[in-house]
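Below is one structure, written out as structure tokens; the observations come after it.
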Amino acid sequence: PQFRTTVRQDTVQAMRIAYVINSLEGGGAAFPVPAITSVFREAGHTVKVFALARRDGLAIPLCEKAGLEYCICPYGEKQPIRMFLWLRRALRAWQPDLIWTSLTRSTAMGALIGILERKPVVSWQHSAFLKAGNLRLLRALRNTPRIWVGDSEYVTEVTRQRLDLPDARMACWPIFCVRTDVPQAAPWQPGEVIRIASLGRFSPEKGYDELIDALVMLRGRDLPAFEVTICGRGKERERLETKKRALGLDNLHLHDFVHDVPDFLATQHLYVQPSHWEGFCVAVHDAMQAGLPVIGTAVGELNHSLQEGRTGWKVPPRDAAALAECMARVLSRPAELHATGCNARAYVREHFSHTNFTRIGRDILHRAMPGRA
């Protein structure tokens, strides 16, 4: 890959690292924080998480389970000035050697504080889509972070192009670290209902409208019985429930957020991700780790991870008809699902091993050390 990091073997001096993040809500940016910071802590560094908001707080139990210290801004998200002043006071009191930011708002505030307090900054980018205002803000601050880190090959390249950054200021650290202890999905058995899962926030960019439309198109097809379960939270859930009921889709279930993702995925036969855009998409790689084949849109890192017919299948985003046709082909051969899922599991184990995850993270820390050019 273009931005593969060269691993350094020399010792990195111990640092205090402030990990600044937009919120501790459930999602792809907050859930991996314990794994990310474990790389820092295992290298001898002290880490504290500074969250600008709590939101649903679904990432808090994971931080507490990992013994990770955190604090949350007490002011609302509509009070950015008070939020910024709180963060500056909190960081000045804690005296970090390095400020590590994640997502746009925390990157902007962390970069400004880095300038004011003369602290080095590393910015982790996760988003495949930025609003125009956020893009202008990041461009204005482009020279502050020592290193811009993309959470995937796709986001790394997009960030380099958006901000016109040299390769020397870039690094790619895939946000996913595979686990070898998770339960594996069992093969589909003749007579079983094919169980299809999707995990994600109920919001327009996740493409659940297209998935519902595709399910309508599959009516009357000569296919084995199947059901789709979408788990998550978000403001669109009530509208999607209304649409589902109006269309009479009895084989579609909208459930709340799943806390034990590995156990849930192990009960499924297939995973679908109809997103309009993605960066890395942790949920897809969780499904592959569980041994599930994936039908996903050709966006973000899915363009690399979903290898047609081997680890999964790709369809264009926002195209319900293409999604329906792909689902029909795959569902017509349910006995082949497990073999494709095994290939998917082998892919993530090879590409996102704990060894690679740790080495890349430590190398970025070495490059970001105070005192280095």
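Chain labels run A, B, ... following the order of the structure tokens; each chain numbers its residues from 1, and ligands are numbered from 1 in the order shown.
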- Query: When DSSP works through the backbone of this structure, what residues of range 250-351 of chain A end up as alpha helix (DSSP H), shown as a PyMOL selection string?
  - Reply: chain A and resi 261-265+282-289+302-305+320-331+337-351
Close residues, Gly312 in chain A itself excluded, 8 Å, only C-alpha atoms, min 6 positions apart in chain, as a PDB file with N, CA and C atoms, in the first residue's frame:
```
ATOM      1  N   PRO A 293     -19.834 -14.154   5.139  1.00  0.00           N
ATOM      2  CA  PRO A 293     -19.641 -13.473   3.864  1.00  0.00           C
ATOM      3  C   PRO A 293     -20.414 -12.157   3.893  1.00  0.00           C
ATOM      4  N   VAL A 294     -20.001 -11.194   3.093  1.00  0.00           N
ATOM      5  CA  VAL A 294     -20.579  -9.851   3.156  1.00  0.00           C
ATOM      6  C   VAL A 294     -21.022  -9.397   1.773  1.00  0.00           C
ATOM      7  N   ILE A 295     -22.233  -8.861   1.708  1.00  0.00           N
ATOM      8  CA  ILE A 295     -22.679  -8.083   0.547  1.00  0.00           C
ATOM      9  C   ILE A 295     -22.579  -6.618   0.964  1.00  0.00           C
ATOM     10  N   GLY A 296     -21.769  -5.853   0.266  1.00  0.00           N
ATOM     11  CA  GLY A 296     -21.581  -4.461   0.635  1.00  0.00           C
ATOM     12  C   GLY A 296     -21.469  -3.568  -0.576  1.00  0.00           C
ATOM     13  N   LEU A 306     -13.693  -6.572   0.242  1.00  0.00           N
ATOM     14  CA  LEU A 306     -14.682  -7.436  -0.410  1.00  0.00           C
ATOM     15  C   LEU A 306     -14.172  -7.818  -1.788  1.00  0.00           C
ATOM     16  N   THR A 340     -17.398 -18.999   1.686  1.00  0.00           N
ATOM     17  CA  THR A 340     -17.043 -17.602   1.445  1.00  0.00           C
ATOM     18  C   THR A 340     -16.750 -16.899   2.765  1.00  0.00           C
ATOM     19  N   GLY A 341     -17.528 -17.221   3.787  1.00  0.00           N
ATOM     20  CA  GLY A 341     -17.278 -16.640   5.111  1.00  0.00           C
ATOM     21  C   GLY A 341     -15.933 -17.053   5.678  1.00  0.00           C
ATOM     22  N   ALA A 344     -13.436 -14.915   4.129  1.00  0.00           N
ATOM     23  CA  ALA A 344     -13.484 -13.572   4.716  1.00  0.00           C
ATOM     24  C   ALA A 344     -12.729 -13.533   6.036  1.00  0.00           C
TER      25      ALA A 344
END
```
Set out as a Markdown table a contact list for range 256-346 of chain A and range 155-173 of chain A with a cut-off of 10 Å, giving each residue of range 256-346 of chain A that qualifies its closest atom pair and distance in Å to one decimal, counting only C-alpha atoms, ordered by chain and rising residue number.
```
| residue | atom | partner | partner_atom | distance |
| --- | --- | --- | --- | --- |
| A:Glu278 | CA | A:Val155 | CA | 9.1 |
| A:Gly279 | CA | A:Val155 | CA | 5.8 |
| A:Phe280 | CA | A:Val155 | CA | 7.6 |
| A:Gly300 | CA | A:Val155 | CA | 7.2 |
| A:Glu301 | CA | A:Val155 | CA | 8.1 |
```
Hey, what's within 7 Å of Asn343 in chain A if we count only C-alpha atoms and toss same-chain stuff fewer than 3 positions away? As a PDB file with C-alpha atoms, in the first residue's frame, please?
```pdb
ATOM      1  CA  ARG A 310     -14.145 -14.846  -2.546  1.00  0.00           C
ATOM      2  CA  THR A 311     -14.809 -12.852   0.645  1.00  0.00           C
ATOM      3  CA  ALA A 339     -16.980 -21.261   2.463  1.00  0.00           C
ATOM      4  CA  THR A 340     -17.043 -17.602   1.445  1.00  0.00           C
ATOM      5  CA  ALA A 346      -8.835 -15.637   6.643  1.00  0.00           C
ATOM      6  CA  TYR A 347      -8.577 -12.243   4.924  1.00  0.00           C
TER       7      TYR A 347
END
```
- Message: For a test of reading the model, state the distance in Å between CA of Ser305 in chain A and CA of Cys281 in chain A, rounded to one decimal.
- Response: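 About the pair CA of Ser305 in chain A and CA of Cys281 in chain A: they are 10.3 Å apart.
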- Task: Would you mind listing what lies within 9 Å of Gly26 in chain A as a PyMOL selection string, with only C-alpha atoms counted and same-chain residues fewer than 2 positions away left out?
- Result: chain A and resi 23-24+28-31+55-60+201+257
Restricting the output to N, CA and C atoms, write the selected residues as a PDB file, in the first residue's frame.
```pdb
ATOM      1  N   SER A  23     -16.831  12.143  20.928  1.00  0.00           N
ATOM      2  CA  SER A  23     -17.791  11.640  21.905  1.00  0.00           C
ATOM      3  C   SER A  23     -17.467  10.197  22.254  1.00  0.00           C
ATOM      4  N   LEU A  24     -18.174   9.703  23.264  1.00  0.00           N
ATOM      5  CA  LEU A  24     -18.067   8.299  23.647  1.00  0.00           C
ATOM      6  C   LEU A  24     -19.337   7.545  23.259  1.00  0.00           C
ATOM      7  N   GLY A  28     -17.839   3.461  15.019  1.00  0.00           N
ATOM      8  CA  GLY A  28     -16.540   3.000  14.538  1.00  0.00           C
ATOM      9  C   GLY A  28     -15.356   3.795  15.029  1.00  0.00           C
ATOM     10  N   ALA A  29     -15.545   5.072  15.453  1.00  0.00           N
ATOM     11  CA  ALA A  29     -14.410   5.856  15.928  1.00  0.00           C
ATOM     12  C   ALA A  29     -14.139   5.629  17.407  1.00  0.00           C
ATOM     13  N   ALA A  30     -15.199   5.420  18.205  1.00  0.00           N
ATOM     14  CA  ALA A  30     -15.024   5.297  19.651  1.00  0.00           C
ATOM     15  C   ALA A  30     -14.790   3.859  20.108  1.00  0.00           C
ATOM     16  N   PHE A  31     -15.463   2.895  19.490  1.00  0.00           N
ATOM     17  CA  PHE A  31     -15.338   1.515  19.961  1.00  0.00           C
ATOM     18  C   PHE A  31     -13.907   0.973  19.912  1.00  0.00           C
ATOM     19  N   ARG A  55     -22.953  11.791  24.463  1.00  0.00           N
ATOM     20  CA  ARG A  55     -23.980  11.225  23.589  1.00  0.00           C
ATOM     21  C   ARG A  55     -24.563   9.958  24.221  1.00  0.00           C
ATOM     22  N   ASP A  56     -24.621   8.833  23.486  1.00  0.00           N
ATOM     23  CA  ASP A  56     -25.271   7.658  24.082  1.00  0.00           C
ATOM     24  C   ASP A  56     -24.372   6.907  25.060  1.00  0.00           C
ATOM     25  N   GLY A  57     -23.084   7.247  25.090  1.00  0.00           N
ATOM     26  CA  GLY A  57     -22.176   6.662  26.078  1.00  0.00           C
ATOM     27  C   GLY A  57     -21.914   5.177  25.919  1.00  0.00           C
ATOM     28  N   LEU A  58     -22.211   4.614  24.775  1.00  0.00           N
ATOM     29  CA  LEU A  58     -22.060   3.167  24.608  1.00  0.00           C
ATOM     30  C   LEU A  58     -20.605   2.711  24.604  1.00  0.00           C
ATOM     31  N   ALA A  59     -19.676   3.635  24.401  1.00  0.00           N
ATOM     32  CA  ALA A  59     -18.259   3.265  24.442  1.00  0.00           C
ATOM     33  C   ALA A  59     -17.684   3.311  25.853  1.00  0.00           C
ATOM     34  N   ILE A  60     -18.442   3.854  26.800  1.00  0.00           N
ATOM     35  CA  ILE A  60     -17.926   3.985  28.165  1.00  0.00           C
ATOM     36  C   ILE A  60     -17.632   2.633  28.807  1.00  0.00           C
ATOM     37  N   ARG A 201     -25.784   2.711  12.559  1.00  0.00           N
ATOM     38  CA  ARG A 201     -26.659   3.781  13.017  1.00  0.00           C
ATOM     39  C   ARG A 201     -27.821   3.937  12.042  1.00  0.00           C
ATOM     40  N   PHE A 257     -29.431  -1.461  19.640  1.00  0.00           N
ATOM     41  CA  PHE A 257     -27.991  -1.699  19.622  1.00  0.00           C
ATOM     42  C   PHE A 257     -27.642  -3.031  20.283  1.00  0.00           C
TER      43      PHE A 257
END
```
- Nearby residues (only C-alpha atoms) at most 6 Å from range 263-267 of chain A, same-chain spacing under 2 positions excluded, as a PyMOL selection string: chain A and resi 183-185+260-261
- Out of range 117-189 of chain A, which residues get strand (DSSP E) from DSSP, as a list in words? Val121, Val122, Ser123, Trp124, Gln125, Ile147, Trp148, Val149, Gly150, Met170, Ala171 and Cys172 of chain A
Same residues, N, CA, C and O atoms, output as a JSON list (two decimals), in the first residue's frame:
```
[["chain", "number", "residue", "atom", "x", "y", "z"],
["A", 121, "VAL", "N", 0.90, 17.35, 17.91],
["A", 121, "VAL", "CA", -0.45, 16.81, 17.67],
["A", 121, "VAL", "C", -0.38, 15.76, 16.57],
["A", 121, "VAL", "O", 0.33, 15.92, 15.58],
["A", 122, "VAL", "N", -1.13, 14.68, 16.76],
["A", 122, "VAL", "CA", -1.38, 13.69, 15.72],
["A", 122, "VAL", "C", -2.88, 13.67, 15.50],
["A", 122, "VAL", "O", -3.66, 13.65, 16.46],
["A", 123, "SER", "N", -3.31, 13.68, 14.25],
["A", 123, "SER", "CA", -4.74, 13.70, 13.95],
["A", 123, "SER", "C", -5.14, 12.43, 13.21],
["A", 123, "SER", "O", -4.60, 12.12, 12.16],
["A", 124, "TRP", "N", -6.11, 11.72, 13.80],
["A", 124, "TRP", "CA", -6.63, 10.51, 13.17],
["A", 124, "TRP", "C", -7.91, 10.86, 12.42],
["A", 124, "TRP", "O", -8.85, 11.42, 12.99],
["A", 125, "GLN", "N", -7.96, 10.53, 11.15],
["A", 125, "GLN", "CA", -9.12, 10.80, 10.31],
["A", 125, "GLN", "C", -9.86, 9.50, 9.98],
["A", 125, "GLN", "O", -9.25, 8.51, 9.62],
["A", 147, "ILE", "N", 1.51, 14.50, 12.14],
["A", 147, "ILE", "CA", 1.14, 13.35, 11.32],
["A", 147, "ILE", "C", -0.38, 13.31, 11.20],
["A", 147, "ILE", "O", -1.09, 13.47, 12.19],
["A", 148, "TRP", "N", -0.85, 13.10, 9.99],
["A", 148, "TRP", "CA", -2.26, 12.82, 9.74],
["A", 148, "TRP", "C", -2.37, 11.33, 9.49],
["A", 148, "TRP", "O", -1.72, 10.79, 8.60],
["A", 149, "VAL", "N", -3.22, 10.67, 10.26],
["A", 149, "VAL", "CA", -3.36, 9.21, 10.18],
["A", 149, "VAL", "C", -4.72, 8.87, 9.59],
["A", 149, "VAL", "O", -5.76, 9.32, 10.10],
["A", 150, "GLY", "N", -4.74, 8.08, 8.54],
["A", 150, "GLY", "CA", -5.99, 7.57, 8.00],
["A", 150, "GLY", "C", -6.30, 6.21, 8.58],
["A", 150, "GLY", "O", -5.39, 5.40, 8.79],
["A", 170, "MET", "N", 1.93, 11.74, 6.31],
["A", 170, "MET", "CA", 0.81, 10.81, 6.32],
["A", 170, "MET", "C", 1.21, 9.46, 6.92],
["A", 170, "MET", "O", 2.38, 9.07, 6.88],
["A", 171, "ALA", "N", 0.23, 8.77, 7.47],
["A", 171, "ALA", "CA", 0.40, 7.38, 7.91],
["A", 171, "ALA", "C", -0.94, 6.68, 7.77],
["A", 171, "ALA", "O", -2.00, 7.32, 7.87],
["A", 172, "CYS", "N", -0.91, 5.41, 7.54],
["A", 172, "CYS", "CA", -2.13, 4.60, 7.47],
["A", 172, "CYS", "C", -2.10, 3.57, 8.60],
["A", 172, "CYS", "O", -1.19, 2.74, 8.67]]
```
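Here the question is which of A:Pro145, A:Gly232, A:Gly114, A:Pro262 gets nearest to Asp181 in chain A using only C-alpha atoms, and that residue is A:Pro262.
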Within 9 Å of range 320-334 of chain A, which residues of range 209-248 of chain A show up? Give each one with its shortest atom-to-atom distance in Å (one decimal) and the two atoms involved, counting only C-alpha atoms, rows by chain then rising residue number, as JSON lines.
```
{"residue": "A:Asp209", "atom": "CA", "partner": "A:Ala320", "partner_atom": "CA", "distance": 8.4}
{"residue": "A:Glu210", "atom": "CA", "partner": "A:Ala320", "partner_atom": "CA", "distance": 4.7}
{"residue": "A:Leu211", "atom": "CA", "partner": "A:Ala320", "partner_atom": "CA", "distance": 6.4}
{"residue": "A:Ile212", "atom": "CA", "partner": "A:Ala320", "partner_atom": "CA", "distance": 8.2}
{"residue": "A:Asp213", "atom": "CA", "partner": "A:Ala320", "partner_atom": "CA", "distance": 6.0}
{"residue": "A:Ala214", "atom": "CA", "partner": "A:Ala324", "partner_atom": "CA", "distance": 4.6}
{"residue": "A:Leu215", "atom": "CA", "partner": "A:Ala324", "partner_atom": "CA", "distance": 6.7}
{"residue": "A:Val216", "atom": "CA", "partner": "A:Ala324", "partner_atom": "CA", "distance": 8.6}
{"residue": "A:Met217", "atom": "CA", "partner": "A:Ala324", "partner_atom": "CA", "distance": 6.4}
{"residue": "A:Leu218", "atom": "CA", "partner": "A:Ala324", "partner_atom": "CA", "distance": 6.3}
{"residue": "A:Arg221", "atom": "CA", "partner": "A:Ala328", "partner_atom": "CA", "distance": 7.9}
{"residue": "A:Asp222", "atom": "CA", "partner": "A:Ser332", "partner_atom": "CA", "distance": 8.1}
{"residue": "A:Leu223", "atom": "CA", "partner": "A:Ser332", "partner_atom": "CA", "distance": 5.7}
{"residue": "A:Pro224", "atom": "CA", "partner": "A:Ser332", "partner_atom": "CA", "distance": 6.9}
{"residue": "A:Ala225", "atom": "CA", "partner": "A:Leu331", "partner_atom": "CA", "distance": 9.0}
{"residue": "A:Phe226", "atom": "CA", "partner": "A:Leu331", "partner_atom": "CA", "distance": 8.2}
```
File dump, residues just selected, all heavy atoms, as a tab-separated table (two decimals), in the first residue's frame:
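Saved the output as result24.tsv:
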```tsv
chain	number	residue	atom	x	y	z
A	209	ASP	N	-32.77	2.52	3.50
A	209	ASP	CA	-33.91	2.69	2.58
A	209	ASP	C	-33.72	1.81	1.35
A	209	ASP	O	-34.67	1.15	0.89
A	209	ASP	CB	-34.02	4.16	2.16
A	209	ASP	CG	-34.79	4.99	3.16
A	209	ASP	OD1	-35.97	4.69	3.40
A	209	ASP	OD2	-34.22	5.93	3.73
A	210	GLU	N	-32.51	1.79	0.81
A	210	GLU	CA	-32.25	0.95	-0.36
A	210	GLU	C	-32.38	-0.53	-0.02
A	210	GLU	O	-32.86	-1.33	-0.83
A	210	GLU	CB	-30.86	1.23	-0.93
A	210	GLU	CG	-30.73	2.54	-1.69
A	210	GLU	CD	-30.54	3.74	-0.77
A	210	GLU	OE1	-30.33	3.56	0.44
A	210	GLU	OE2	-30.60	4.87	-1.29
A	211	LEU	N	-31.98	-0.91	1.19
A	211	LEU	CA	-32.12	-2.31	1.60
A	211	LEU	C	-33.60	-2.69	1.68
A	211	LEU	O	-34.00	-3.77	1.22
A	211	LEU	CB	-31.43	-2.54	2.94
A	211	LEU	CG	-31.56	-3.95	3.53
A	211	LEU	CD1	-31.04	-5.00	2.56
A	211	LEU	CD2	-30.81	-4.04	4.87
A	212	ILE	N	-34.42	-1.80	2.25
A	212	ILE	CA	-35.86	-2.08	2.31
A	212	ILE	C	-36.44	-2.20	0.91
A	212	ILE	O	-37.22	-3.12	0.61
A	212	ILE	CB	-36.57	-0.97	3.12
A	212	ILE	CG1	-36.21	-1.08	4.60
A	212	ILE	CG2	-38.08	-1.05	2.93
A	212	ILE	CD1	-36.75	0.04	5.46
A	213	ASP	N	-36.05	-1.28	0.04
A	213	ASP	CA	-36.55	-1.35	-1.34
A	213	ASP	C	-36.11	-2.65	-2.02
A	213	ASP	O	-36.87	-3.25	-2.80
A	213	ASP	CB	-36.04	-0.15	-2.14
A	213	ASP	CG	-36.61	1.17	-1.64
A	213	ASP	OD1	-37.64	1.14	-0.94
A	213	ASP	OD2	-36.02	2.23	-1.94
A	214	ALA	N	-34.89	-3.08	-1.75
A	214	ALA	CA	-34.40	-4.34	-2.34
A	214	ALA	C	-35.22	-5.52	-1.83
A	214	ALA	O	-35.53	-6.45	-2.61
A	214	ALA	CB	-32.92	-4.52	-2.01
A	215	LEU	N	-35.58	-5.51	-0.56
A	215	LEU	CA	-36.38	-6.61	-0.02
A	215	LEU	C	-37.75	-6.67	-0.69
A	215	LEU	O	-38.29	-7.77	-0.92
A	215	LEU	CB	-36.53	-6.44	1.49
A	215	LEU	CG	-35.23	-6.58	2.31
A	215	LEU	CD1	-35.52	-6.40	3.79
A	215	LEU	CD2	-34.56	-7.91	2.06
A	216	VAL	N	-38.31	-5.52	-1.00
A	216	VAL	CA	-39.60	-5.50	-1.73
A	216	VAL	C	-39.42	-6.14	-3.10
A	216	VAL	O	-40.26	-6.92	-3.57
A	216	VAL	CB	-40.12	-4.06	-1.84
A	216	VAL	CG1	-41.35	-4.02	-2.74
A	216	VAL	CG2	-40.46	-3.49	-0.47
A	217	MET	N	-38.30	-5.82	-3.77
A	217	MET	CA	-38.04	-6.37	-5.11
A	217	MET	C	-37.83	-7.88	-5.09
A	217	MET	O	-38.02	-8.56	-6.11
A	217	MET	CB	-36.81	-5.71	-5.72
A	217	MET	CG	-36.97	-4.23	-5.98
A	217	MET	SD	-35.43	-3.49	-6.59
A	217	MET	CE	-35.84	-1.75	-6.51
A	218	LEU	N	-37.45	-8.43	-3.93
A	218	LEU	CA	-37.21	-9.87	-3.84
A	218	LEU	C	-38.48	-10.68	-3.60
A	218	LEU	O	-38.45	-11.91	-3.63
A	218	LEU	CB	-36.20	-10.15	-2.72
A	218	LEU	CG	-34.77	-9.69	-2.99
A	218	LEU	CD1	-33.89	-9.91	-1.76
A	218	LEU	CD2	-34.18	-10.42	-4.19
A	221	ARG	N	-39.76	-14.05	-5.55
A	221	ARG	CA	-38.65	-14.81	-6.14
A	221	ARG	C	-38.63	-16.21	-5.54
A	221	ARG	O	-38.99	-16.44	-4.38
A	221	ARG	CB	-37.32	-14.12	-5.85
A	221	ARG	CG	-37.17	-12.72	-6.44
A	221	ARG	CD	-36.85	-12.76	-7.91
A	221	ARG	NE	-36.46	-11.46	-8.43
A	221	ARG	CZ	-35.22	-11.07	-8.66
A	221	ARG	NH1	-34.21	-11.91	-8.46
A	221	ARG	NH2	-34.97	-9.86	-9.12
A	222	ASP	N	-38.16	-17.15	-6.31
A	222	ASP	CA	-38.04	-18.54	-5.83
A	222	ASP	C	-36.74	-18.68	-5.05
A	222	ASP	O	-35.72	-19.15	-5.57
A	222	ASP	CB	-38.07	-19.50	-7.02
A	222	ASP	CG	-38.06	-20.96	-6.57
A	222	ASP	OD1	-38.36	-21.22	-5.39
A	222	ASP	OD2	-37.73	-21.83	-7.40
A	223	LEU	N	-36.79	-18.25	-3.79
A	223	LEU	CA	-35.61	-18.24	-2.93
A	223	LEU	C	-35.91	-18.96	-1.62
A	223	LEU	O	-37.07	-19.02	-1.19
A	223	LEU	CB	-35.19	-16.79	-2.61
A	223	LEU	CG	-34.74	-15.92	-3.79
A	223	LEU	CD1	-34.57	-14.48	-3.34
A	223	LEU	CD2	-33.44	-16.45	-4.38
A	224	PRO	N	-34.88	-19.49	-0.95
A	224	PRO	CA	-35.09	-20.04	0.37
A	224	PRO	C	-35.59	-18.95	1.33
A	224	PRO	O	-35.35	-17.76	1.11
A	224	PRO	CB	-33.69	-20.54	0.79
A	224	PRO	CG	-32.92	-20.64	-0.49
A	224	PRO	CD	-33.48	-19.61	-1.40
A	225	ALA	N	-36.25	-19.36	2.38
A	225	ALA	CA	-36.74	-18.40	3.37
A	225	ALA	C	-35.55	-17.67	4.00
A	225	ALA	O	-34.54	-18.29	4.34
A	225	ALA	CB	-37.56	-19.12	4.43
A	226	PHE	N	-35.67	-16.36	4.17
A	226	PHE	CA	-34.61	-15.57	4.80
A	226	PHE	C	-35.21	-14.43	5.60
A	226	PHE	O	-36.36	-14.03	5.39
A	226	PHE	CB	-33.64	-15.03	3.74
A	226	PHE	CG	-34.22	-13.96	2.85
A	226	PHE	CD1	-34.08	-12.61	3.17
A	226	PHE	CD2	-34.91	-14.29	1.70
A	226	PHE	CE1	-34.62	-11.63	2.35
A	226	PHE	CE2	-35.45	-13.32	0.87
A	226	PHE	CZ	-35.30	-11.97	1.19
```
